[in-house]
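Shown below: final.cif, with mmCIF, C-alpha atoms.
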data_protein
#
loop_
_atom_site.group_PDB
_atom_site.id
_atom_site.type_symbol
_atom_site.label_atom_id
_atom_site.label_comp_id
_atom_site.auth_asym_id
_atom_site.auth_seq_id
_atom_site.Cartn_x
_atom_site.Cartn_y
_atom_site.Cartn_z
ATOM 1 C CA MET O 7 36.186 -46.875 58.339
ATOM 2 C CA LEU O 8 35.206 -48.040 54.870
ATOM 3 C CA ASN O 9 31.798 -46.983 53.620
ATOM 4 C CA LEU O 10 29.839 -49.794 51.923
ATOM 5 C CA LYS O 11 26.418 -48.166 52.386
ATOM 6 C CA GLY O 12 24.057 -48.910 49.516
ATOM 7 C CA ARG O 13 26.294 -51.573 47.947
ATOM 8 C CA SER O 14 25.036 -55.005 46.858
ATOM 9 C CA PHE O 15 27.000 -58.128 47.818
ATOM 10 C CA LEU O 16 26.820 -60.404 44.772
ATOM 11 C CA LYS O 17 30.326 -61.809 44.375
ATOM 12 C CA LEU O 18 33.752 -61.358 45.936
ATOM 13 C CA LEU O 19 35.110 -60.023 42.652
ATOM 14 C CA ASP O 20 33.161 -56.796 43.298
ATOM 15 C CA PHE O 21 35.068 -55.991 46.508
ATOM 16 C CA THR O 22 38.647 -55.101 47.355
ATOM 17 C CA SER O 23 40.688 -57.133 49.812
ATOM 18 C CA ALA O 24 40.425 -54.247 52.307
ATOM 19 C CA GLU O 25 36.628 -54.147 51.997
ATOM 20 C CA LEU O 26 36.343 -57.898 52.560
ATOM 21 C CA GLU O 27 38.657 -57.714 55.559
ATOM 22 C CA TYR O 28 36.526 -54.882 56.937
ATOM 23 C CA LEU O 29 33.425 -57.105 56.691
ATOM 24 C CA ILE O 30 35.196 -59.920 58.562
ATOM 25 C CA ASP O 31 36.359 -57.468 61.243
ATOM 26 C CA LEU O 32 32.806 -56.129 61.571
ATOM 27 C CA ALA O 33 31.437 -59.678 61.853
ATOM 28 C CA GLU O 34 33.928 -60.410 64.622
ATOM 29 C CA ASN O 35 32.855 -57.299 66.519
ATOM 30 C CA LEU O 36 29.140 -58.010 66.087
ATOM 31 C CA LYS O 37 29.730 -61.573 67.273
ATOM 32 C CA LYS O 38 31.399 -60.287 70.441
ATOM 33 C CA LEU O 39 28.457 -57.961 71.066
ATOM 34 C CA LYS O 40 25.949 -60.790 70.628
ATOM 35 C CA TYR O 41 27.879 -62.997 73.056
ATOM 36 C CA ALA O 42 27.811 -60.102 75.519
ATOM 37 C CA GLY O 43 24.035 -59.833 75.128
ATOM 38 C CA ILE O 44 24.222 -56.490 73.321
ATOM 39 C CA ARG O 45 21.980 -55.826 70.310
ATOM 40 C CA PRO O 46 22.922 -52.488 68.668
ATOM 41 C CA GLN O 47 19.748 -52.496 66.501
ATOM 42 C CA ASN O 48 21.663 -51.192 63.474
ATOM 43 C CA LEU O 49 18.801 -52.241 61.177
ATOM 44 C CA LYS O 50 15.885 -50.938 63.251
ATOM 45 C CA GLY O 51 12.910 -50.103 61.046
ATOM 46 C CA LYS O 52 14.301 -51.915 57.989
ATOM 47 C CA ASN O 53 12.318 -54.497 56.002
ATOM 48 C CA ILE O 54 14.184 -57.287 54.225
ATOM 49 C CA ALA O 55 12.914 -59.663 51.524
ATOM 50 C CA LEU O 56 14.369 -63.175 51.597
ATOM 51 C CA ILE O 57 13.883 -64.852 48.193
ATOM 52 C CA PHE O 58 14.556 -68.588 48.167
ATOM 53 C CA GLU O 59 14.351 -70.510 44.890
ATOM 54 C CA LYS O 60 16.520 -73.103 46.652
ATOM 55 C CA PRO O 61 15.672 -74.047 50.244
ATOM 56 C CA SER O 62 18.350 -73.811 52.932
ATOM 57 C CA THR O 63 18.740 -74.329 56.653
ATOM 58 C CA ARG O 64 21.826 -72.183 57.348
ATOM 59 C CA THR O 65 21.211 -69.343 54.908
ATOM 60 C CA ARG O 66 17.576 -68.800 55.861
ATOM 61 C CA CYS O 67 18.152 -69.060 59.591
ATOM 62 C CA SER O 68 21.264 -66.880 59.438
ATOM 63 C CA PHE O 69 19.465 -64.056 57.631
ATOM 64 C CA VAL O 70 16.400 -64.279 59.881
ATOM 65 C CA VAL O 71 18.336 -64.316 63.151
ATOM 66 C CA ALA O 72 20.748 -61.613 61.963
ATOM 67 C CA ALA O 73 17.861 -59.387 60.890
ATOM 68 C CA ASN O 74 15.969 -59.879 64.141
ATOM 69 C CA ASP O 75 19.084 -59.264 66.248
ATOM 70 C CA GLU O 76 19.581 -55.920 64.518
ATOM 71 C CA GLY O 77 15.921 -54.848 64.649
ATOM 72 C CA ALA O 78 14.853 -55.542 61.042
ATOM 73 C CA TYR O 79 11.800 -57.432 59.819
ATOM 74 C CA PRO O 80 12.577 -60.347 57.430
ATOM 75 C CA GLU O 81 9.886 -61.578 54.993
ATOM 76 C CA TYR O 82 10.488 -65.072 53.610
ATOM 77 C CA LEU O 83 9.479 -65.604 49.968
ATOM 78 C CA GLY O 84 9.776 -69.242 48.866
ATOM 79 C CA LYS O 85 9.483 -70.483 45.301
ATOM 80 C CA ASP O 86 5.697 -70.816 45.691
ATOM 81 C CA ASP O 87 5.295 -67.335 47.198
ATOM 82 C CA ILE O 88 6.685 -65.275 44.344
ATOM 83 C CA GLN O 89 6.278 -65.212 40.551
ATOM 84 C CA LEU O 90 9.951 -64.530 39.840
ATOM 85 C CA GLY O 91 10.450 -65.106 36.121
ATOM 86 C CA LYS O 92 7.206 -67.097 35.814
ATOM 87 C CA LYS O 93 4.255 -64.711 35.644
ATOM 88 C CA GLU O 94 6.361 -61.642 36.302
ATOM 89 C CA SER O 95 9.823 -60.835 34.971
ATOM 90 C CA VAL O 96 12.797 -60.529 37.295
ATOM 91 C CA LYS O 97 13.119 -56.889 36.219
ATOM 92 C CA ASP O 98 9.516 -56.050 37.173
ATOM 93 C CA THR O 99 9.697 -58.021 40.419
ATOM 94 C CA ALA O 100 12.889 -56.177 41.357
ATOM 95 C CA ARG O 101 11.231 -52.791 40.837
ATOM 96 C CA VAL O 102 8.216 -53.799 42.941
ATOM 97 C CA LEU O 103 10.307 -55.172 45.808
ATOM 98 C CA GLY O 104 12.559 -52.131 45.656
ATOM 99 C CA ARG O 105 9.539 -49.935 46.473
ATOM 100 C CA LEU O 106 8.513 -52.101 49.433
ATOM 101 C CA PHE O 107 11.732 -53.311 51.042
ATOM 102 C CA ASP O 108 15.079 -51.889 52.112
ATOM 103 C CA GLY O 109 17.170 -54.929 51.110
ATOM 104 C CA ILE O 110 16.818 -58.232 49.247
ATOM 105 C CA GLU O 111 18.504 -61.585 49.783
ATOM 106 C CA PHE O 112 18.382 -64.043 46.879
ATOM 107 C CA ARG O 113 19.269 -67.746 46.977
ATOM 108 C CA GLY O 114 18.654 -69.636 43.769
ATOM 109 C CA PHE O 115 19.966 -71.042 40.537
ATOM 110 C CA SER O 116 21.083 -68.476 37.957
ATOM 111 C CA HIS O 117 23.644 -65.843 38.945
ATOM 112 C CA GLU O 118 22.114 -63.578 36.284
ATOM 113 C CA THR O 119 18.939 -63.416 38.407
ATOM 114 C CA VAL O 120 20.670 -61.880 41.423
ATOM 115 C CA GLU O 121 22.545 -59.464 39.142
ATOM 116 C CA GLU O 122 19.246 -58.384 37.574
ATOM 117 C CA LEU O 123 17.614 -57.916 40.984
ATOM 118 C CA ALA O 124 20.472 -55.644 41.995
ATOM 119 C CA LYS O 125 20.350 -53.702 38.729
ATOM 120 C CA TYR O 126 16.643 -52.843 38.864
ATOM 121 C CA SER O 127 15.593 -52.863 42.538
ATOM 122 C CA GLY O 128 17.545 -49.760 43.562
ATOM 123 C CA ILE O 129 18.336 -51.281 46.978
ATOM 124 C CA PRO O 130 21.133 -53.519 48.322
ATOM 125 C CA VAL O 131 20.864 -57.143 47.167
ATOM 126 C CA TRP O 132 22.795 -59.969 48.828
ATOM 127 C CA ASN O 133 23.695 -63.260 47.154
ATOM 128 C CA GLY O 134 22.745 -66.162 49.434
ATOM 129 C CA LEU O 135 23.928 -68.638 46.756
ATOM 130 C CA THR O 136 23.764 -68.978 42.984
ATOM 131 C CA ASP O 137 25.058 -71.565 40.561
ATOM 132 C CA LYS O 138 28.322 -69.636 40.175
ATOM 133 C CA PHE O 139 29.127 -68.005 43.526
ATOM 134 C CA HIS O 140 28.471 -68.310 47.280
ATOM 135 C CA PRO O 141 30.129 -65.191 48.726
ATOM 136 C CA THR O 142 28.449 -65.053 52.144
ATOM 137 C CA GLN O 143 29.778 -68.537 52.901
ATOM 138 C CA ILE O 144 33.356 -67.487 52.152
ATOM 139 C CA LEU O 145 33.278 -64.671 54.714
ATOM 140 C CA ALA O 146 32.086 -67.168 57.317
ATOM 141 C CA ASP O 147 34.826 -69.601 56.301
ATOM 142 C CA PHE O 148 37.553 -66.975 56.529
ATOM 143 C CA LEU O 149 36.313 -65.666 59.872
ATOM 144 C CA THR O 150 36.464 -69.266 61.136
ATOM 145 C CA ILE O 151 40.005 -69.763 59.825
ATOM 146 C CA ARG O 152 41.153 -66.531 61.466
ATOM 147 C CA GLU O 153 39.557 -67.552 64.764
ATOM 148 C CA HIS O 154 41.391 -70.894 64.750
ATOM 149 C CA LYS O 155 44.671 -69.926 63.066
ATOM 150 C CA GLY O 156 45.013 -66.227 63.934
ATOM 151 C CA TYR O 157 45.699 -65.072 60.370
ATOM 152 C CA LEU O 158 44.645 -65.460 56.726
ATOM 153 C CA LYS O 159 47.566 -64.322 54.568
ATOM 154 C CA GLY O 160 49.816 -67.292 53.822
ATOM 155 C CA ILE O 161 47.313 -69.947 54.911
ATOM 156 C CA LYS O 162 47.843 -73.197 53.003
ATOM 157 C CA PHE O 163 44.332 -74.088 51.844
ATOM 158 C CA ALA O 164 43.454 -77.372 50.107
ATOM 159 C CA TYR O 165 40.050 -77.927 48.505
ATOM 160 C CA LEU O 166 39.133 -81.468 47.389
ATOM 161 C CA GLY O 167 36.253 -82.567 45.155
ATOM 162 C CA ASP O 168 34.151 -80.688 42.628
ATOM 163 C CA GLY O 169 36.520 -77.883 41.720
ATOM 164 C CA ARG O 170 34.196 -75.929 39.480
ATOM 165 C CA ASN O 171 31.110 -75.468 41.681
ATOM 166 C CA ASN O 172 30.067 -72.227 43.378
ATOM 167 C CA MET O 173 32.088 -72.986 46.511
ATOM 168 C CA ALA O 174 35.326 -73.766 44.688
ATOM 169 C CA ASN O 175 34.884 -70.640 42.540
ATOM 170 C CA SER O 176 34.300 -68.388 45.531
ATOM 171 C CA LEU O 177 37.018 -69.915 47.701
ATOM 172 C CA MET O 178 39.515 -69.500 44.866
ATOM 173 C CA ILE O 179 38.690 -65.789 44.464
ATOM 174 C CA GLY O 180 38.658 -65.211 48.218
ATOM 175 C CA ALA O 181 41.986 -66.987 48.719
ATOM 176 C CA ALA O 182 43.542 -64.911 45.936
ATOM 177 C CA LYS O 183 42.320 -61.678 47.538
ATOM 178 C CA PHE O 184 43.662 -62.658 50.978
ATOM 179 C CA GLY O 185 47.086 -63.873 49.816
ATOM 180 C CA MET O 186 46.636 -67.567 50.545
ATOM 181 C CA ASP O 187 48.443 -70.611 49.139
ATOM 182 C CA PHE O 188 45.360 -72.182 47.546
ATOM 183 C CA ARG O 189 45.208 -75.647 45.999
ATOM 184 C CA ILE O 190 42.346 -77.465 44.269
ATOM 185 C CA ALA O 191 42.579 -81.250 43.914
ATOM 186 C CA ALA O 192 40.020 -82.537 41.423
ATOM 187 C CA PRO O 193 39.737 -84.434 38.142
ATOM 188 C CA LYS O 194 40.712 -82.120 35.273
ATOM 189 C CA SER O 195 37.140 -82.191 34.002
ATOM 190 C CA LEU O 196 36.099 -80.530 37.277
ATOM 191 C CA PHE O 197 38.706 -77.756 37.369
ATOM 192 C CA PRO O 198 37.268 -74.197 37.491
ATOM 193 C CA GLU O 199 36.412 -72.476 34.215
ATOM 194 C CA GLU O 200 39.499 -71.131 32.462
ATOM 195 C CA GLU O 201 38.183 -67.564 32.336
ATOM 196 C CA LEU O 202 37.633 -67.486 36.100
ATOM 197 C CA ILE O 203 41.066 -69.031 36.713
ATOM 198 C CA LYS O 204 42.649 -66.196 34.727
ATOM 199 C CA GLU O 205 40.779 -63.616 36.836
ATOM 200 C CA ALA O 206 41.865 -65.362 40.023
ATOM 201 C CA GLU O 207 45.492 -65.573 38.875
ATOM 202 C CA SER O 208 45.531 -61.842 38.189
ATOM 203 C CA ILE O 209 44.163 -61.128 41.676
ATOM 204 C CA ALA O 210 46.605 -63.619 43.217
ATOM 205 C CA GLU O 211 49.553 -61.842 41.621
ATOM 206 C CA GLU O 212 48.464 -58.553 43.198
ATOM 207 C CA ASN O 213 48.245 -60.131 46.665
ATOM 208 C CA ASN O 214 51.226 -62.521 46.608
ATOM 209 C CA ALA O 215 48.864 -65.498 46.646
ATOM 210 C CA SER O 216 49.482 -68.769 44.833
ATOM 211 C CA LEU O 217 47.002 -71.026 43.031
ATOM 212 C CA LEU O 218 47.479 -74.698 42.182
ATOM 213 C CA PHE O 219 45.144 -76.953 40.187
ATOM 214 C CA THR O 220 46.081 -80.600 40.365
ATOM 215 C CA GLU O 221 44.672 -84.111 40.141
ATOM 216 C CA SER O 222 47.066 -85.168 42.907
ATOM 217 C CA ILE O 223 45.622 -85.247 46.404
ATOM 218 C CA ASP O 224 49.105 -85.574 47.918
ATOM 219 C CA GLU O 225 50.314 -82.440 46.139
ATOM 220 C CA ALA O 226 47.277 -80.444 47.281
ATOM 221 C CA VAL O 227 47.127 -81.462 50.933
ATOM 222 C CA ASN O 228 50.853 -81.567 51.704
ATOM 223 C CA ASP O 229 51.403 -79.498 54.867
ATOM 224 C CA ALA O 230 47.997 -77.791 54.421
ATOM 225 C CA ASP O 231 46.538 -75.695 57.245
ATOM 226 C CA VAL O 232 42.957 -76.128 56.019
ATOM 227 C CA ILE O 233 41.311 -79.096 54.308
ATOM 228 C CA TYR O 234 37.977 -78.209 52.714
ATOM 229 C CA THR O 235 35.390 -80.184 50.780
ATOM 230 C CA ASP O 236 31.818 -79.828 49.593
ATOM 231 C CA VAL O 237 29.041 -82.103 48.350
ATOM 232 C CA TRP O 238 29.783 -83.853 45.057
ATOM 233 C CA VAL O 239 26.358 -83.120 43.567
ATOM 234 C CA SER O 240 24.723 -79.695 43.819
ATOM 235 C CA MET O 241 21.011 -79.088 44.231
ATOM 236 C CA GLY O 242 19.261 -79.624 40.904
ATOM 237 C CA GLU O 243 21.864 -82.137 39.664
ATOM 238 C CA GLU O 244 20.583 -85.182 41.524
ATOM 239 C CA ASP O 245 20.667 -87.342 38.384
ATOM 240 C CA MET O 246 24.482 -87.062 38.372
ATOM 241 C CA TYR O 247 25.289 -89.094 41.498
ATOM 242 C CA GLU O 248 26.627 -92.145 39.700
ATOM 243 C CA ASP O 249 28.931 -90.111 37.453
ATOM 244 C CA ARG O 250 30.188 -87.932 40.316
ATOM 245 C CA ILE O 251 30.782 -90.885 42.645
ATOM 246 C CA ASN O 252 32.871 -92.563 39.953
ATOM 247 C CA LEU O 253 34.811 -89.337 39.320
ATOM 248 C CA LEU O 254 35.325 -88.247 42.926
ATOM 249 C CA LYS O 255 35.425 -91.331 45.155
ATOM 250 C CA ASP O 256 39.217 -91.061 45.372
ATOM 251 C CA TYR O 257 38.926 -87.444 46.547
ATOM 252 C CA GLN O 258 37.090 -88.277 49.764
ATOM 253 C CA VAL O 259 38.489 -86.545 52.850
ATOM 254 C CA ASN O 260 39.399 -89.321 55.275
ATOM 255 C CA SER O 261 41.931 -89.878 58.055
ATOM 256 C CA GLU O 262 44.661 -90.734 55.524
ATOM 257 C CA VAL O 263 44.138 -87.401 53.769
ATOM 258 C CA MET O 264 44.166 -85.476 57.056
ATOM 259 C CA ALA O 265 47.405 -87.215 58.074
ATOM 260 C CA LYS O 266 49.143 -85.699 55.029
ATOM 261 C CA ALA O 267 48.228 -82.169 56.085
ATOM 262 C CA ASP O 268 49.798 -80.158 58.886
ATOM 263 C CA GLU O 269 49.238 -81.862 62.231
ATOM 264 C CA GLU O 270 47.209 -78.854 63.410
ATOM 265 C CA ALA O 271 45.165 -78.594 60.202
ATOM 266 C CA ILE O 272 41.441 -77.936 60.481
ATOM 267 C CA PHE O 273 38.694 -79.602 58.448
ATOM 268 C CA MET O 274 35.945 -77.441 56.940
ATOM 269 C CA HIS O 275 32.696 -78.057 55.046
ATOM 270 C CA CYS O 276 29.917 -75.590 54.182
ATOM 271 C CA LEU O 277 27.207 -78.216 54.957
ATOM 272 C CA PRO O 278 25.070 -80.193 54.554
ATOM 273 C CA ALA O 279 27.560 -83.080 54.484
ATOM 274 C CA PHE O 280 27.010 -86.698 53.487
ATOM 275 C CA HIS O 281 29.149 -88.316 56.184
ATOM 276 C CA ASP O 282 26.809 -91.016 57.537
ATOM 277 C CA LEU O 283 23.496 -92.775 56.959
ATOM 278 C CA GLY O 284 21.443 -90.157 58.814
ATOM 279 C CA THR O 285 19.702 -88.916 55.668
ATOM 280 C CA ASP O 286 17.344 -90.447 53.119
ATOM 281 C CA VAL O 287 19.783 -89.431 50.390
ATOM 282 C CA MET O 288 22.619 -91.470 51.892
ATOM 283 C CA LYS O 289 20.404 -94.472 52.550
ATOM 284 C CA ASP O 290 19.461 -94.396 48.878
ATOM 285 C CA ILE O 291 23.104 -94.017 47.825
ATOM 286 C CA LYS O 292 24.140 -96.968 49.981
ATOM 287 C CA GLU O 293 21.449 -99.105 48.386
ATOM 288 C CA LYS O 294 22.423 -98.072 44.841
ATOM 289 C CA TYR O 295 26.201 -97.637 45.068
ATOM 290 C CA GLY O 296 27.278 -99.301 48.328
ATOM 291 C CA MET O 297 28.780 -96.159 49.905
ATOM 292 C CA GLU O 298 27.999 -95.094 53.477
ATOM 293 C CA GLU O 299 30.032 -91.846 53.324
ATOM 294 C CA LEU O 300 30.688 -89.568 50.358
ATOM 295 C CA GLU O 301 32.878 -86.449 50.352
ATOM 296 C CA VAL O 302 34.036 -86.886 53.978
ATOM 297 C CA THR O 303 34.127 -89.788 56.408
ATOM 298 C CA ASP O 304 32.252 -89.629 59.669
ATOM 299 C CA GLU O 305 35.542 -90.053 61.534
ATOM 300 C CA VAL O 306 36.885 -86.784 60.106
ATOM 301 C CA PHE O 307 33.571 -84.918 60.275
ATOM 302 C CA GLU O 308 33.147 -85.719 63.971
ATOM 303 C CA GLY O 309 36.844 -85.546 64.769
ATOM 304 C CA GLU O 310 38.805 -82.994 66.812
ATOM 305 C CA GLN O 311 40.104 -81.207 63.710
ATOM 306 C CA SER O 312 36.603 -80.490 62.412
ATOM 307 C CA VAL O 313 35.352 -76.905 62.826
ATOM 308 C CA VAL O 314 32.225 -77.254 60.691
ATOM 309 C CA PHE O 315 29.800 -76.065 63.362
ATOM 310 C CA ASP O 316 31.908 -73.010 64.231
ATOM 311 C CA GLU O 317 31.777 -72.319 60.495
ATOM 312 C CA ALA O 318 27.990 -72.792 60.397
ATOM 313 C CA GLU O 319 27.455 -70.368 63.284
ATOM 314 C CA ASN O 320 29.673 -67.787 61.617
ATOM 315 C CA ARG O 321 27.304 -67.638 58.657
ATOM 316 C CA MET O 322 24.978 -65.601 60.861
ATOM 317 C CA HIS O 323 27.664 -63.229 62.112
ATOM 318 C CA THR O 324 29.108 -62.500 58.672
ATOM 319 C CA ILE O 325 25.667 -62.148 57.073
ATOM 320 C CA LYS O 326 24.798 -59.686 59.834
ATOM 321 C CA ALA O 327 27.961 -57.741 59.029
ATOM 322 C CA ILE O 328 27.070 -57.579 55.325
ATOM 323 C CA MET O 329 23.572 -56.274 56.046
ATOM 324 C CA VAL O 330 24.751 -53.749 58.664
ATOM 325 C CA ALA O 331 27.572 -52.463 56.443
ATOM 326 C CA THR O 332 25.401 -52.038 53.331
ATOM 327 C CA LEU O 333 22.087 -51.067 54.927
ATOM 328 C CA GLY O 334 22.632 -50.103 58.539
ATOM 329 C CA ASN O 335 21.601 -46.955 60.355
ATOM 330 C CA GLN O 336 25.044 -46.454 61.846
#
Structure translated into structure tokens:
Amino acid sequence: MLNLKGRSFLKLLDFTSAELEYLIDLAENLKKLKYAGIRPQNLKGKNIALIFEKPSTRTRCSFVVAANDEGAYPEYLGKDDIQLGKKESVKDTARVLGRLFDGIEFRGFSHETVEELAKYSGIPVWNGLTDKFHPTQILADFLTIREHKGYLKGIKFAYLGDGRNNMANSLMIGAAKFGMDFRIAAPKSLFPEEELIKEAESIAEENNASLLFTESIDEAVNDADVIYTDVWVSMGEEDMYEDRINLLKDYQVNSEVMAKADEEAIFMHCLPAFHDLGTDVMKDIKEKYGMEELEVTDEVFEGEQSVVFDEAENRMHTIKAIMVATLGNQ
């Protein structure tokens, strides 16, 4: 068994393929135990700080439920509860929290913040999302793919939309580490940063993975096993809707796109998704730009090929695995 005790989980680049596979295996086992009504209490007596500069439904609930299942106490610290970088430096805050807690989750804007927390706190720190990476989501995604497809190596994975956001970055690295055939379809202006592409290509070569960056949807989705998309505008970029809609409207995942993939392809999305008029944001977008669906149509989102809620549930199981592996009493 691999020993990850005391490690922080900040980005997939920090972990070997074997270590990431171990975390997915552990998540699968912990999920089976939960379904059987068994709570091993691997985190009994532990106290966990949950720092949220950015609010979230899935990340917050996943960490809270995972912590409670395993016997830990989670303390939520929203942007109004903590002076992170305002009246107290990140470095000083990290050293204070490191004296009081056993682990820290951070979800926010700058990736440098979570790196600094890990550097100075002296305890495991877990990245719940930053502007550059979203590693906990990728473990949930890959667990979901393995549950539905039975394997990861060789999976044909097509990502459509904003190809340089935290999800595209993390999926690219994860796919390279697991030997997937990974394709990003996006406008060239939204391809990943060149430096990160070079890192991913080096990892891909080691694992017999392939990476493709194209503006052609047909080229990306041809015979794909997985079709993945994400929101076109990230939190904090709300003034960019008009530009992104103009850039990405042709990259919407709809029934025509799904028909070009393998007939047993699954559709994935990390959520929230703008697939109908059930939100104030989409009502506003319809009024301003005339669109009732953005990155994915409601037909695909609610269709038989969609596994988005399996994926959402698996956030909790994989987050639990990360905390147990890096902090647990086992």
Computed interatomic separation between atom CA of O:Asn35 and atom CA of O:Phe315 (Å):
19.3 Å
List every residue of stretch 254-283 of chain O that has an atom at most 10 Å from any atom of stretch 62-76 of chain O, and for each one report the closest atom pair and its distance in Å to one decimal, counting only C-alpha atoms, with rows sorted by chain and then by increasing residue number, as a tab-separated table.
residue	atom	partner	partner_atom	distance
O:Cys276	CA	O:Arg64	CA	9.3
O:Leu277	CA	O:Arg64	CA	8.4
O:Pro278	CA	O:Thr63	CA	8.9
Determine the residue set returned by the PyMOL selection byres ((chain O and resi 294-304) around 12) for the present structure, and present it as a PyMOL selection string.
chain O and resi 165-168+233-239+247-264+273-293+305-310+312+314
Selected by the PyMOL selection byres ((chain O and resi 158) around 9) in the shown coordinates: which residues, as a count of residues only?
14
For the structure provided, state which residues fall under the PyMOL selection byres ((chain O and resi 117) around 8), and present them as a PyMOL selection string.
chain O and resi 114-116+118-121+136-139
Using all atoms listed in the file, pick whichever of O:Leu135, O:Glu59, O:Ala226, O:Pro198 has the shortest atom-to-atom distance to O:Asp87.
O:Glu59
Enclosing box along x, y and z for every listed atom of stretch 241-246 of chain O, padded 5 Å each side, centre and size in Å, one decimal, as AutoDock Vina command-line options:
--center_x 21.9 --center_y -83.2 --center_z 41.3 --size_x 15.2 --size_y 18.3 --size_z 15.9
All heavy atoms for stretch 212-218 of chain O, written as a PDB file, keeping the file's coordinate frame, could you do that?
ATOM      1  N   GLU O 212      48.507 -59.831  42.480  1.00  0.00           N
ATOM      2  CA  GLU O 212      48.464 -58.553  43.198  1.00  0.00           C
ATOM      3  C   GLU O 212      48.653 -58.739  44.707  1.00  0.00           C
ATOM      4  O   GLU O 212      49.131 -57.838  45.396  1.00  0.00           O
ATOM      5  CB  GLU O 212      47.120 -57.863  42.966  1.00  0.00           C
ATOM      6  CG  GLU O 212      46.864 -57.435  41.532  1.00  0.00           C
ATOM      7  CD  GLU O 212      45.445 -56.928  41.333  1.00  0.00           C
ATOM      8  OE1 GLU O 212      44.707 -56.835  42.350  1.00  0.00           O
ATOM      9  OE2 GLU O 212      45.073 -56.632  40.193  1.00  0.00           O
ATOM     10  N   ASN O 213      48.261 -59.903  45.219  1.00  0.00           N
ATOM     11  CA  ASN O 213      48.245 -60.131  46.665  1.00  0.00           C
ATOM     12  C   ASN O 213      49.251 -61.180  47.133  1.00  0.00           C
ATOM     13  O   ASN O 213      49.160 -61.656  48.271  1.00  0.00           O
ATOM     14  CB  ASN O 213      46.835 -60.542  47.100  1.00  0.00           C
ATOM     15  CG  ASN O 213      45.807 -59.457  46.855  1.00  0.00           C
ATOM     16  OD1 ASN O 213      45.811 -58.421  47.515  1.00  0.00           O
ATOM     17  ND2 ASN O 213      44.927 -59.671  45.893  1.00  0.00           N
ATOM     18  N   ASN O 214      50.201 -61.521  46.275  1.00  0.00           N
ATOM     19  CA  ASN O 214      51.226 -62.521  46.608  1.00  0.00           C
ATOM     20  C   ASN O 214      50.617 -63.851  47.039  1.00  0.00           C
ATOM     21  O   ASN O 214      51.137 -64.536  47.926  1.00  0.00           O
ATOM     22  CB  ASN O 214      52.156 -61.999  47.709  1.00  0.00           C
ATOM     23  CG  ASN O 214      52.985 -60.811  47.249  1.00  0.00           C
ATOM     24  OD1 ASN O 214      53.508 -60.812  46.139  1.00  0.00           O
ATOM     25  ND2 ASN O 214      53.081 -59.793  48.092  1.00  0.00           N
ATOM     26  N   ALA O 215      49.491 -64.197  46.422  1.00  0.00           N
ATOM     27  CA  ALA O 215      48.864 -65.498  46.646  1.00  0.00           C
ATOM     28  C   ALA O 215      49.370 -66.483  45.599  1.00  0.00           C
ATOM     29  O   ALA O 215      49.962 -66.086  44.588  1.00  0.00           O
ATOM     30  CB  ALA O 215      47.351 -65.368  46.564  1.00  0.00           C
ATOM     31  N   SER O 216      49.138 -67.756  45.830  1.00  0.00           N
ATOM     32  CA  SER O 216      49.482 -68.769  44.833  1.00  0.00           C
ATOM     33  C   SER O 216      48.298 -69.697  44.628  1.00  0.00           C
ATOM     34  O   SER O 216      47.555 -69.999  45.572  1.00  0.00           O
ATOM     35  CB  SER O 216      50.717 -69.562  45.266  1.00  0.00           C
ATOM     36  OG  SER O 216      50.467 -70.259  46.480  1.00  0.00           O
ATOM     37  N   LEU O 217      48.109 -70.142  43.390  1.00  0.00           N
ATOM     38  CA  LEU O 217      47.002 -71.026  43.031  1.00  0.00           C
ATOM     39  C   LEU O 217      47.553 -72.270  42.358  1.00  0.00           C
ATOM     40  O   LEU O 217      48.412 -72.183  41.474  1.00  0.00           O
ATOM     41  CB  LEU O 217      46.029 -70.327  42.077  1.00  0.00           C
ATOM     42  CG  LEU O 217      45.420 -68.994  42.535  1.00  0.00           C
ATOM     43  CD1 LEU O 217      44.548 -68.412  41.426  1.00  0.00           C
ATOM     44  CD2 LEU O 217      44.617 -69.166  43.813  1.00  0.00           C
ATOM     45  N   LEU O 218      47.057 -73.425  42.766  1.00  0.00           N
ATOM     46  CA  LEU O 218      47.479 -74.698  42.182  1.00  0.00           C
ATOM     47  C   LEU O 218      46.253 -75.524  41.838  1.00  0.00           C
ATOM     48  O   LEU O 218      45.345 -75.675  42.671  1.00  0.00           O
ATOM     49  CB  LEU O 218      48.354 -75.470  43.182  1.00  0.00           C
ATOM     50  CG  LEU O 218      48.723 -76.905  42.799  1.00  0.00           C
ATOM     51  CD1 LEU O 218      49.680 -76.918  41.612  1.00  0.00           C
ATOM     52  CD2 LEU O 218      49.329 -77.645  43.989  1.00  0.00           C
TER      53      LEU O 218
END
